[in-house]
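> For reference, this is model-v8.pdb, and it has PDB, C-alpha atoms.
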```
ATOM      1  CA  MET G   1      -7.109   4.487  25.496
ATOM      2  CA  LYS G   2      -5.203   7.756  25.010
ATOM      3  CA  ASN G   3      -2.958   6.047  22.417
ATOM      4  CA  LYS G   4      -6.024   4.745  20.554
ATOM      5  CA  ILE G   5      -7.460   8.259  20.353
ATOM      6  CA  ILE G   6      -4.151   9.636  19.086
ATOM      7  CA  VAL G   7      -3.833   6.888  16.464
ATOM      8  CA  SER G   8      -7.445   7.482  15.379
ATOM      9  CA  ILE G   9      -6.741  11.179  14.910
ATOM     10  CA  VAL G  10      -3.544  10.409  12.982
ATOM     11  CA  LEU G  11      -5.453   7.961  10.747
ATOM     12  CA  LEU G  12      -8.048  10.607   9.963
ATOM     13  CA  PHE G  13      -5.294  13.094   9.132
ATOM     14  CA  ILE G  14      -3.507  10.566   6.873
ATOM     15  CA  CYS G  15      -6.819   9.687   5.234
ATOM     16  CA  PHE G  16      -7.514  13.227   4.159
ATOM     17  CA  ILE G  17      -3.938  14.370   3.505
ATOM     18  CA  GLY G  18      -4.159  13.510  -0.194
ATOM     19  CA  ILE G  19      -7.508  15.188  -0.733
ATOM     20  CA  GLU G  20      -7.515  18.759  -1.969
ATOM     21  CA  ALA G  21      -8.361  21.159   0.813
ATOM     22  CA  ASN G  22     -11.496  22.591  -0.717
ATOM     23  CA  ALA G  23     -13.020  22.861   2.744
ATOM     24  CA  GLN G  24     -10.853  25.817   3.711
ATOM     25  CA  VAL G  25     -13.209  28.471   4.945
ATOM     26  CA  THR G  26     -12.375  31.985   3.830
ATOM     27  CA  THR G  27     -15.751  33.696   3.396
ATOM     28  CA  ILE G  28     -19.094  33.929   5.133
ATOM     29  CA  ASP G  29     -20.703  32.212   2.116
ATOM     30  CA  SER G  30     -18.436  29.181   2.383
ATOM     31  CA  VAL G  31     -19.263  28.832   6.085
ATOM     32  CA  ALA G  32     -22.963  28.784   5.257
ATOM     33  CA  THR G  33     -22.505  25.947   2.743
ATOM     34  CA  SER G  34     -20.084  23.819   4.819
ATOM     35  CA  LYS G  35     -21.566  20.756   6.503
ATOM     36  CA  VAL G  36     -19.935  19.815   9.784
ATOM     37  CA  GLN G  37     -20.993  16.412  11.093
ATOM     38  CA  HIS G  38     -20.525  14.978  14.584
ATOM     39  CA  PHE G  39     -20.744  11.267  15.436
ATOM     40  CA  ASN G  40     -20.376   9.200  18.621
ATOM     41  CA  PHE G  41     -19.535   5.535  18.013
ATOM     42  CA  ASP G  42     -20.663   4.690  21.564
ATOM     43  CA  GLU G  43     -24.186   5.886  20.761
ATOM     44  CA  MET G  44     -24.455   4.186  17.343
ATOM     45  CA  GLN G  45     -26.318   0.926  16.814
ATOM     46  CA  SER G  46     -24.199  -1.974  15.574
ATOM     47  CA  GLU G  47     -25.407  -3.901  12.563
ATOM     48  CA  THR G  48     -24.640  -7.578  12.097
ATOM     49  CA  ILE G  49     -23.252  -8.100   8.603
ATOM     50  CA  GLY G  50     -22.010 -11.684   8.839
ATOM     51  CA  LYS G  51     -21.354 -14.499  11.256
ATOM     52  CA  GLY G  52     -19.472 -12.932  14.164
ATOM     53  CA  ILE G  53     -19.152  -9.543  12.398
ATOM     54  CA  LYS G  54     -20.740  -6.311  13.599
ATOM     55  CA  ARG G  55     -20.066  -2.825  12.316
ATOM     56  CA  LYS G  56     -20.805   0.803  13.089
ATOM     57  CA  TRP G  57     -19.994   3.310  10.408
ATOM     58  CA  PHE G  58     -20.528   6.791   9.107
ATOM     59  CA  HIS G  59     -19.376   8.766   6.121
ATOM     60  CA  GLY G  60     -18.570  12.299   5.228
ATOM     61  CA  GLU G  61     -18.451  13.751   1.772
ATOM     62  CA  LYS G  62     -15.133  12.127   0.768
ATOM     63  CA  GLY G  63     -14.379   9.325   3.204
ATOM     64  CA  GLN G  64     -15.832   6.996   5.796
ATOM     65  CA  MET G  65     -14.886   5.386   9.076
ATOM     66  CA  THR G  66     -16.015   1.999  10.386
ATOM     67  CA  ILE G  67     -15.545   0.087  13.619
ATOM     68  CA  PHE G  68     -15.809  -3.675  13.166
ATOM     69  CA  ASN G  69     -16.299  -5.944  16.160
ATOM     70  CA  LEU G  70     -15.113  -9.385  15.128
ATOM     71  CA  GLU G  71     -15.676 -12.513  17.194
ATOM     72  CA  LYS G  72     -12.839 -15.033  17.258
ATOM     73  CA  GLY G  73     -13.091 -17.041  14.031
ATOM     74  CA  ALA G  74     -15.056 -14.385  12.118
ATOM     75  CA  HIS G  75     -14.228 -14.231   8.419
ATOM     76  CA  ILE G  76     -14.468 -11.400   5.892
ATOM     77  CA  PRO G  77     -14.166 -13.067   2.465
ATOM     78  CA  TRP G  78     -11.752 -12.224  -0.350
ATOM     79  CA  HIS G  79     -12.802  -8.961  -1.984
ATOM     80  CA  GLN G  80     -11.519  -5.734  -3.464
ATOM     81  CA  HIS G  81     -12.914  -2.263  -3.991
ATOM     82  CA  PRO G  82     -11.916   0.978  -5.689
ATOM     83  CA  ASN G  83     -11.222   2.607  -2.311
ATOM     84  CA  GLU G  84      -8.013   2.975  -0.358
ATOM     85  CA  GLN G  85      -8.478   1.201   3.000
ATOM     86  CA  ILE G  86      -6.523   2.016   6.147
ATOM     87  CA  THR G  87      -7.059  -0.618   8.844
ATOM     88  CA  TYR G  88      -6.015  -0.048  12.459
ATOM     89  CA  ILE G  89      -6.415  -2.990  14.831
ATOM     90  CA  MET G  90      -7.482  -1.426  18.128
ATOM     91  CA  SER G  91      -7.493  -4.733  20.014
ATOM     92  CA  GLY G  92      -7.147  -8.390  19.113
ATOM     93  CA  LYS G  93      -5.437  -9.906  16.082
ATOM     94  CA  VAL G  94      -6.373 -10.795  12.509
ATOM     95  CA  LYS G  95      -4.809 -12.881   9.777
ATOM     96  CA  ILE G  96      -5.052 -11.196   6.391
ATOM     97  CA  LYS G  97      -4.554 -12.652   2.938
ATOM     98  CA  THR G  98      -3.635 -10.033   0.349
ATOM     99  CA  ILE G  99      -1.336  -9.402  -2.605
ATOM    100  CA  ILE G 100       2.134  -8.042  -1.804
ATOM    101  CA  ASP G 101       4.722  -7.651  -4.570
ATOM    102  CA  GLY G 102       2.478  -9.626  -6.931
ATOM    103  CA  LYS G 103       2.155 -12.666  -4.632
ATOM    104  CA  GLU G 104      -0.656 -13.897  -2.384
ATOM    105  CA  THR G 105       0.653 -13.363   1.126
ATOM    106  CA  PHE G 106      -0.638 -13.890   4.670
ATOM    107  CA  VAL G 107       0.048 -11.201   7.264
ATOM    108  CA  GLU G 108      -0.908 -11.152  10.953
ATOM    109  CA  VAL G 109      -1.861  -7.724  12.239
ATOM    110  CA  GLY G 110      -2.315  -7.172  15.970
ATOM    111  CA  ALA G 111      -3.367  -4.475  18.407
ATOM    112  CA  GLY G 112      -1.743  -1.128  17.665
ATOM    113  CA  GLU G 113      -0.767  -2.078  14.095
ATOM    114  CA  VAL G 114      -1.954  -0.563  10.817
ATOM    115  CA  ILE G 115      -2.151  -2.012   7.314
ATOM    116  CA  VAL G 116      -2.987   0.044   4.217
ATOM    117  CA  PHE G 117      -4.602  -1.480   1.124
ATOM    118  CA  PRO G 118      -4.327   0.632  -2.029
ATOM    119  CA  GLU G 119      -7.417   0.749  -4.234
ATOM    120  CA  ASN G 120      -8.353  -2.518  -5.965
ATOM    121  CA  VAL G 121      -5.922  -4.684  -3.958
ATOM    122  CA  PRO G 122      -7.769  -7.867  -2.888
ATOM    123  CA  HIS G 123      -7.804  -8.831   0.791
ATOM    124  CA  GLU G 124      -9.463 -11.271   3.196
ATOM    125  CA  PHE G 125      -9.622 -11.294   7.019
ATOM    126  CA  TRP G 126      -9.870 -13.953   9.740
ATOM    127  CA  ALA G 127     -10.177 -12.908  13.380
ATOM    128  CA  LEU G 128      -7.628 -14.935  15.355
ATOM    129  CA  GLU G 129      -9.159 -13.604  18.571
ATOM    130  CA  GLU G 130     -11.907 -11.177  19.522
ATOM    131  CA  THR G 131     -10.927  -8.045  17.582
ATOM    132  CA  VAL G 132     -11.880  -4.395  17.263
ATOM    133  CA  ASP G 133     -10.862  -3.030  13.851
ATOM    134  CA  LEU G 134     -11.079   0.629  12.814
ATOM    135  CA  ASP G 135     -11.198   1.110   9.023
ATOM    136  CA  VAL G 136     -11.033   4.306   6.996
ATOM    137  CA  HIS G 137     -12.061   4.194   3.322
ATOM    138  CA  VAL G 138     -11.500   6.937   0.767
ATOM    139  CA  PRO G 139     -13.613   7.648  -1.171
ATOM    140  CA  VAL G 140     -16.879   6.560   0.449
ATOM    141  CA  ARG G 141     -17.746   2.914  -0.293
ATOM    142  CA  GLN G 142     -20.640   3.273  -2.728
ATOM    143  CA  ASP G 143     -21.490  -0.424  -2.272
ATOM    144  CA  TRP G 144     -22.250   0.279   1.412
ATOM    145  CA  LEU G 145     -24.737   3.094   0.819
ATOM    146  CA  SER G 146     -27.668   0.782   0.070
ATOM    147  CA  LYS G 147     -29.242  -1.501   2.673
ATOM    148  CA  GLU G 148     -28.160  -4.520   0.579
ATOM    149  CA  LEU G 149     -24.922  -6.192   1.706
ATOM    150  CA  PRO G 150     -22.179  -6.521  -0.926
ATOM    151  CA  ALA G 151     -22.097 -10.049  -2.396
ATOM    152  CA  TYR G 152     -18.767 -10.950  -0.743
ATOM    153  CA  LEU G 153     -20.205 -10.306   2.762
ATOM    154  CA  LYS G 154     -22.989 -12.812   2.107
ATOM    155  CA  LYS G 155     -20.237 -15.458   1.941
ATOM    156  CA  THR G 156     -18.884 -14.993   5.490
ATOM    157  CA  LYS G 157     -17.905 -18.159   7.289
ATOM    158  CA  GLU G 158     -15.850 -19.157  10.286
ATOM    159  CA  LYS G 159     -12.429 -20.632   9.834
TER
END
```
Please rewrite the model in this file as structure tokens.

Amino acid sequence: MKNKIIVSIVLLFICFIGIEANAQVTTIDSVATSKVQHFNFDEMQSETIGKGIKRKWFHGEKGQMTIFNLEKGAHIPWHQHPNEQITYIMSGKVKIKTIIDGKETFVEVGAGEVIVFPENVPHEFWALEETVDLDVHVPVRQDWLSKELPAYLKKTKEK
């Protein structure tokens, strides 16, 4: 568990490393306009977004974090988005189809491993076993802000 916390902190740091540090507080006025948020995944309600797929997520001003609970056989269809995605598999294992060096490629990613998808790189997931997946997206996924699921999530199926 301690390693998972450390990796989560490192992922957050990596996520925001490329963003300009405009949140540096140097005056009383900037403190008054800063918005610190605090979340507890254990207290959040999961939402079912597909067959065998549940998520809990939150977002800040520039990025978001999501925990997916995937049942064995759960499928997240082929999709892409204009957001960098950092995926850390906390437990379990997934098979991912994506584009590497211009070719469709399958990669298995297991507990303790991370895969990073640059913006607009297509990807697709299958849970090979019960899996907990922590994703960080930068910037915030605009397609997630409405209550309507993105079209690709309406196509989930087991494989």
> With distances taken over all atoms listed in the file, which residue among G:Lys62, G:Lys54, G:Lys97, G:Lys103 lies nearest Val136 in chain G?
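Of G:Lys62, G:Lys54, G:Lys97, G:Lys103, the one nearest Val136 in chain G is G:Lys62, counting all atoms listed in the file.
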> My list of candidates is G:Val121, G:Gly92, G:Pro77, G:Pro150. Which is closest to Glu104 in chain G when distances are computed with only C-alpha atoms?
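Nearest to Glu104 in chain G: G:Val121.
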> Could you list, as a tab-separated table (two decimals) with C-alpha atoms, keeping the file's coordinate frame, every residue within 7 Å of range 125-133 of chain G, counting all atoms listed in the file and ignoring same-chain residues fewer than 5 positions away?

```tsv
chain	number	residue	atom	x	y	z
G	67	ILE	CA	-15.54	0.09	13.62
G	68	PHE	CA	-15.81	-3.68	13.17
G	69	ASN	CA	-16.30	-5.94	16.16
G	70	LEU	CA	-15.11	-9.38	15.13
G	71	GLU	CA	-15.68	-12.51	17.19
G	72	LYS	CA	-12.84	-15.03	17.26
G	73	GLY	CA	-13.09	-17.04	14.03
G	74	ALA	CA	-15.06	-14.38	12.12
G	75	HIS	CA	-14.23	-14.23	8.42
G	76	ILE	CA	-14.47	-11.40	5.89
G	77	PRO	CA	-14.17	-13.07	2.46
G	87	THR	CA	-7.06	-0.62	8.84
G	88	TYR	CA	-6.02	-0.05	12.46
G	89	ILE	CA	-6.42	-2.99	14.83
G	90	MET	CA	-7.48	-1.43	18.13
G	91	SER	CA	-7.49	-4.73	20.01
G	92	GLY	CA	-7.15	-8.39	19.11
G	93	LYS	CA	-5.44	-9.91	16.08
G	94	VAL	CA	-6.37	-10.80	12.51
G	95	LYS	CA	-4.81	-12.88	9.78
G	96	ILE	CA	-5.05	-11.20	6.39
G	97	LYS	CA	-4.55	-12.65	2.94
```
> In Å, how far is it from CA of Glu84 in chain G to CA of Pro139 in chain G?
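For CA of Glu84 in chain G relative to CA of Pro139 in chain G, the distance reads 7.3 Å.
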> For the structure provided, state which residues fall under the PyMOL selection byres ((chain G and resi 86) around 9), and present them as a JSON list (two decimals) with C-alpha atoms, keeping the file's coordinate frame.

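Written file, selection.json:
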```json
[["chain", "number", "residue", "atom", "x", "y", "z"],
["G", 11, "LEU", "CA", -5.45, 7.96, 10.75],
["G", 15, "CYS", "CA", -6.82, 9.69, 5.23],
["G", 84, "GLU", "CA", -8.01, 2.98, -0.36],
["G", 85, "GLN", "CA", -8.48, 1.20, 3.00],
["G", 87, "THR", "CA", -7.06, -0.62, 8.84],
["G", 88, "TYR", "CA", -6.02, -0.05, 12.46],
["G", 114, "VAL", "CA", -1.95, -0.56, 10.82],
["G", 115, "ILE", "CA", -2.15, -2.01, 7.31],
["G", 116, "VAL", "CA", -2.99, 0.04, 4.22],
["G", 117, "PHE", "CA", -4.60, -1.48, 1.12],
["G", 118, "PRO", "CA", -4.33, 0.63, -2.03],
["G", 134, "LEU", "CA", -11.08, 0.63, 12.81],
["G", 135, "ASP", "CA", -11.20, 1.11, 9.02],
["G", 136, "VAL", "CA", -11.03, 4.31, 7.00],
["G", 137, "HIS", "CA", -12.06, 4.19, 3.32],
["G", 138, "VAL", "CA", -11.50, 6.94, 0.77]]
```
> Just the number, please: distance in Å from CA of Lys35 in chain G to CA of Val140 in chain G, one decimal.
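These atoms are spaced 16.1 Å apart.
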> With only C-alpha atoms as the atoms that count, which of G:Thr66, G:Glu108, G:Ile53, G:Gly60 lies nearest to Phe41 in chain G?
G:Thr66
